[in-house]
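J.: This is the structure I have questions about; it appears just below.
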Amino acid sequence: MMVAELIRIVSRSSPMALAQVERVRAELAALHPGIRTEVVPVTTSGDRWMGDLSKLGGKGAFTKEVDQALLDGRADLAVHCLKDIPADRPLPEGCTFGAYLKRDDVRDALIDPQGRTLDELPEGTRIGTSSVRRVAQLAATHPHLACVPMRGNANRRLEKLAAGDADALLLAVSGLERIGRPDLMTDVLPPELMCPPIGAGILALQCRADDEATLDTVRGLGHRDTWREATAERMFLHVLQGHCNSPVAGYARAERSGDLSLRACVFTPDGKRVLNAQEWAGPLDPATLGMSVAVALLRQGARELIDGIAH
C-alpha cells in the first residue's frame with residue numbers, strides 16, 4: 001500500500017464544508033501520523049446562484065467546480081456531501097469514490113426562535129426551505145404551514161431567519177452539528193415523519209481513479225455499513241432516474257445483526273400523492289436492494305409521477 005505524503009483537499013468554501021474538511025484532516029492524521037494536508041477552497045455555481053437549482057442543472061451545481069479542480073490536478077481529494085452528488089448519472093469520467101465516512105444523523109430539525117415544535121406551529125407559519133422533498137412532506141402532514149423559498153448555506157439561512165425572511169427553518173441535524181449549532185434545534189423530526197434525502201449525513205471522499213496513492217491513503221477511513229447504505233440508496237435513485245425537482249426521499253439502515261433495509265418515498269409536489277416502499281435485503285446485496293425498492297415504486301406509478309414534474 002502506498003501512502004501519500006501530501007494530500008490537497010478541495011471543498012466548497014462555506015463554513016460547513018470547511019468544517020467537513022477538518023473532520024477528514026483529523027481522521028487522516030489519526031490514521032497516518034505525519035501526513036500533510038492542504039485545503040483548496042472553491043466557490044461553486046450552486047453557492048453563487050440563489051434561484052431555482054434546476055436552471056443550473058440541479059444538484060450537480062454544487063460539485064462540478066470541485067470535481068474540475070480534482071481532474072485538473074489542482075487537488076487530490078474532494079470532500080462532498082453525498083446528497084449533493086447526482087445519482088441519476090455517473091461520476092465525472094476519471095473520478096471515483098475512495099471512501100464513505102461513518103454516517104452522521106440523517107434527520108431534519110426545526111429551528112423556531114420561539115422554541116416551538118413542528119406540531120405547535122400555528123397556521124400560516126412561514127417555513128424557510130427550498131427543498132422540494134421537505135415542501136412535499138410538509139404539504140402532506142402539515143398543510144396549514146406555508147413554505148417560503150430559502151437557499152444558501154446553513155449560516156446564510158440562519159441569517160435570513162434572523163432578518164425575518166421566515167418564521168422558522170428546516171435544516172439537517174448533521175449540518176447543524178457540523179457548524180457547532182445543535183443548540184438551535186427546537187424539534188428533531190423522525191425519518192418516519194420527514195423522510196431524508198438520498199445520501200443524508202454521509203461525507204464522500206472522491207479521488208482521481210488513477211491516483212493509487214491517494215486511494216490507498218483514504219481507503220482506511222471508509223465505514224462498511226455506511227458503504228452498504230449509500231450503495232443501496234444511490235442504486236435506488238439511479239434506477240428511478242429522479243431529477244432535481246423530484247420529491248424523492250429514502251434511507252437505508254444497517255442493523256447490528258447485519259440486516260439492511262431501505263425505505264423510500266416519491267411524492268407529488270403538493271403532497272397529495274405519496275408512494276411508499278420498504279424492503280429488507282436478506283440475501284440481497286445493497287445494489288440489488290436499491291433496485292428492488294425502485295422497481296416496487298415504479299410499479300406504483302413513480303415513473304409517471306416523476307415525469308409529470310417540470311424540470
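Just so we're on the same page: first chain in the C-alpha cells is A, next is B, and so on; residues restart at 1 for each chain, and ligands are numbered from 1 in the order they show up.
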So which bits of range 136-194 of chain A end up strand (DSSP E) when you DSSP the backbone, as a ChimeraX atom specification?

T.: /A:146-148,168-172,187-189

J.: Mind dumping a table of every range 170-263 of chain A residue within 9 Å of range 24-33 of chain A, with the nearest atom pair and its distance in Å to one decimal, using only C-alpha atoms, sorted by chain and rising number, as JSON lines?

T.:
```
{"residue": "A:Leu205", "atom": "CA", "partner": "A:Val24", "partner_atom": "CA", "distance": 8.8}
{"residue": "A:Thr217", "atom": "CA", "partner": "A:His32", "partner_atom": "CA", "distance": 8.0}
{"residue": "A:Val218", "atom": "CA", "partner": "A:Leu28", "partner_atom": "CA", "distance": 7.2}
{"residue": "A:Gly220", "atom": "CA", "partner": "A:Leu31", "partner_atom": "CA", "distance": 7.5}
{"residue": "A:Leu221", "atom": "CA", "partner": "A:Glu27", "partner_atom": "CA", "distance": 7.1}
```

J.: Save out the residues we just selected, C-alpha atoms, as an mmCIF file, in the first residue's frame.

T.:
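File result36.cif, as written:
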```cif
data_model
loop_
_atom_site.group_PDB
_atom_site.id
_atom_site.type_symbol
_atom_site.label_atom_id
_atom_site.label_comp_id
_atom_site.auth_asym_id
_atom_site.auth_seq_id
_atom_site.Cartn_x
_atom_site.Cartn_y
_atom_site.Cartn_z
ATOM 1 C CA LEU A 205 -14.258 11.207 -0.448
ATOM 2 C CA THR A 217 -4.300 6.570 1.792
ATOM 3 C CA VAL A 218 -8.003 7.324 2.292
ATOM 4 C CA GLY A 220 -8.917 3.138 5.648
ATOM 5 C CA LEU A 221 -11.324 5.962 6.506
#
```

J.: Name the closest residue to Glu233 in chain A among the candidates A:Arg263, A:His80, A:Arg103, A:Arg208; distances are taken between atoms, counting only C-alpha atoms.

T.: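 The answer is A:Arg263, which sits nearest to Glu233 in chain A.
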
J.: Looking at A:Glu255, A:Asp210, A:Asp67, A:Glu229, which one is nearest to Val40 in chain A, with distances taken over only C-alpha atoms?

T.: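 Smallest separation from Val40 in chain A among the options: A:Asp67.
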
J.: Need the shell around Arg178 in chain A: protein/DNA/RNA residues with any atom at most 12 Å away, counting only C-alpha atoms. Skip same-chain ones fewer than 4 positions apart. Format as a compact mmCIF listing (two decimals) with C-alpha atoms, in the first residue's frame?

T.:
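Once written, selection38.txt looks like this:
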```txt
# COMPACT_ATOMS: atom_id res chain seq x y z
CA SER A 14 -18.84 27.52 3.06
CA PRO A 15 -18.25 27.22 6.84
CA MET A 16 -20.00 23.85 6.89
CA ALA A 17 -17.95 22.46 4.01
CA LEU A 18 -14.71 23.61 5.62
CA ALA A 19 -15.78 22.00 8.91
CA GLN A 20 -16.26 18.77 6.98
CA VAL A 21 -12.75 19.06 5.58
CA GLU A 22 -11.39 19.47 9.10
CA ARG A 23 -13.02 16.19 10.07
CA CYS A 81 -21.93 15.70 0.98
CA ASP A 104 -23.94 11.18 10.70
CA ASP A 105 -27.55 11.83 11.74
CA ALA A 154 -26.80 26.89 6.74
CA ASN A 155 -25.15 30.01 8.16
CA LEU A 171 -32.23 22.19 8.35
CA ALA A 172 -30.32 18.92 8.52
CA VAL A 173 -29.31 17.81 12.01
CA SER A 174 -25.90 16.77 10.67
CA PRO A 182 -27.14 21.89 17.56
CA ASP A 183 -28.41 24.15 20.36
CA GLY A 201 -25.44 12.53 6.62
CA LEU A 203 -19.42 12.52 3.58
```

J.: For Pro41 in chain A, please output as a list in words all residues within 7 Å (counting only C-alpha atoms; exclusion window: fewer than 6 positions along the same chain).

T.: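 My reading of the contact set: Val10, Ser11, Arg12 and Ser13 of chain A.
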
J.: Please measure the separation of CA of Asp88 in chain A and CA of Pro247 in chain A, giving the value in Å to one decimal.

T.: 14.2 Å

J.: How many Å lie between CA of Leu305 in chain A and CA of Pro286 in chain A, rounded to one decimal?

T.: 25.3 Å

J.: Between A:Gln206, A:Thr96, A:Thr37, A:Thr117, which residue has the minimum interatomic distance to Leu77 in chain A, considering only C-alpha atoms?

T.: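 Of A:Gln206, A:Thr96, A:Thr37, A:Thr117, the one nearest Leu77 in chain A, counting only C-alpha atoms, is A:Gln206.
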
J.: State, in Å with one decimal place, the distance from CA of Thr231 in chain A to CA of Ala281 in chain A.

T.: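 Computed distance, CA of Thr231 in chain A to CA of Ala281 in chain A, equals 12.3 Å.
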
J.: Among range 36-276 of chain A, which ones does DSSP assign to alpha helix (DSSP H) (computed from the backbone)? Answer as a PyMOL selection string.

T.: chain A and resi 45-48+64-71+132-141+154-162+173-178+212-218+224-240

J.: At a cut-off of 6 Å, using only C-alpha atoms, what residues contact range 133-139 of chain A? Leave out same-chain residues fewer than 2 positions from it and give the result as a ChimeraX atom specification.

T.: /A:131,141-143,247,269-271
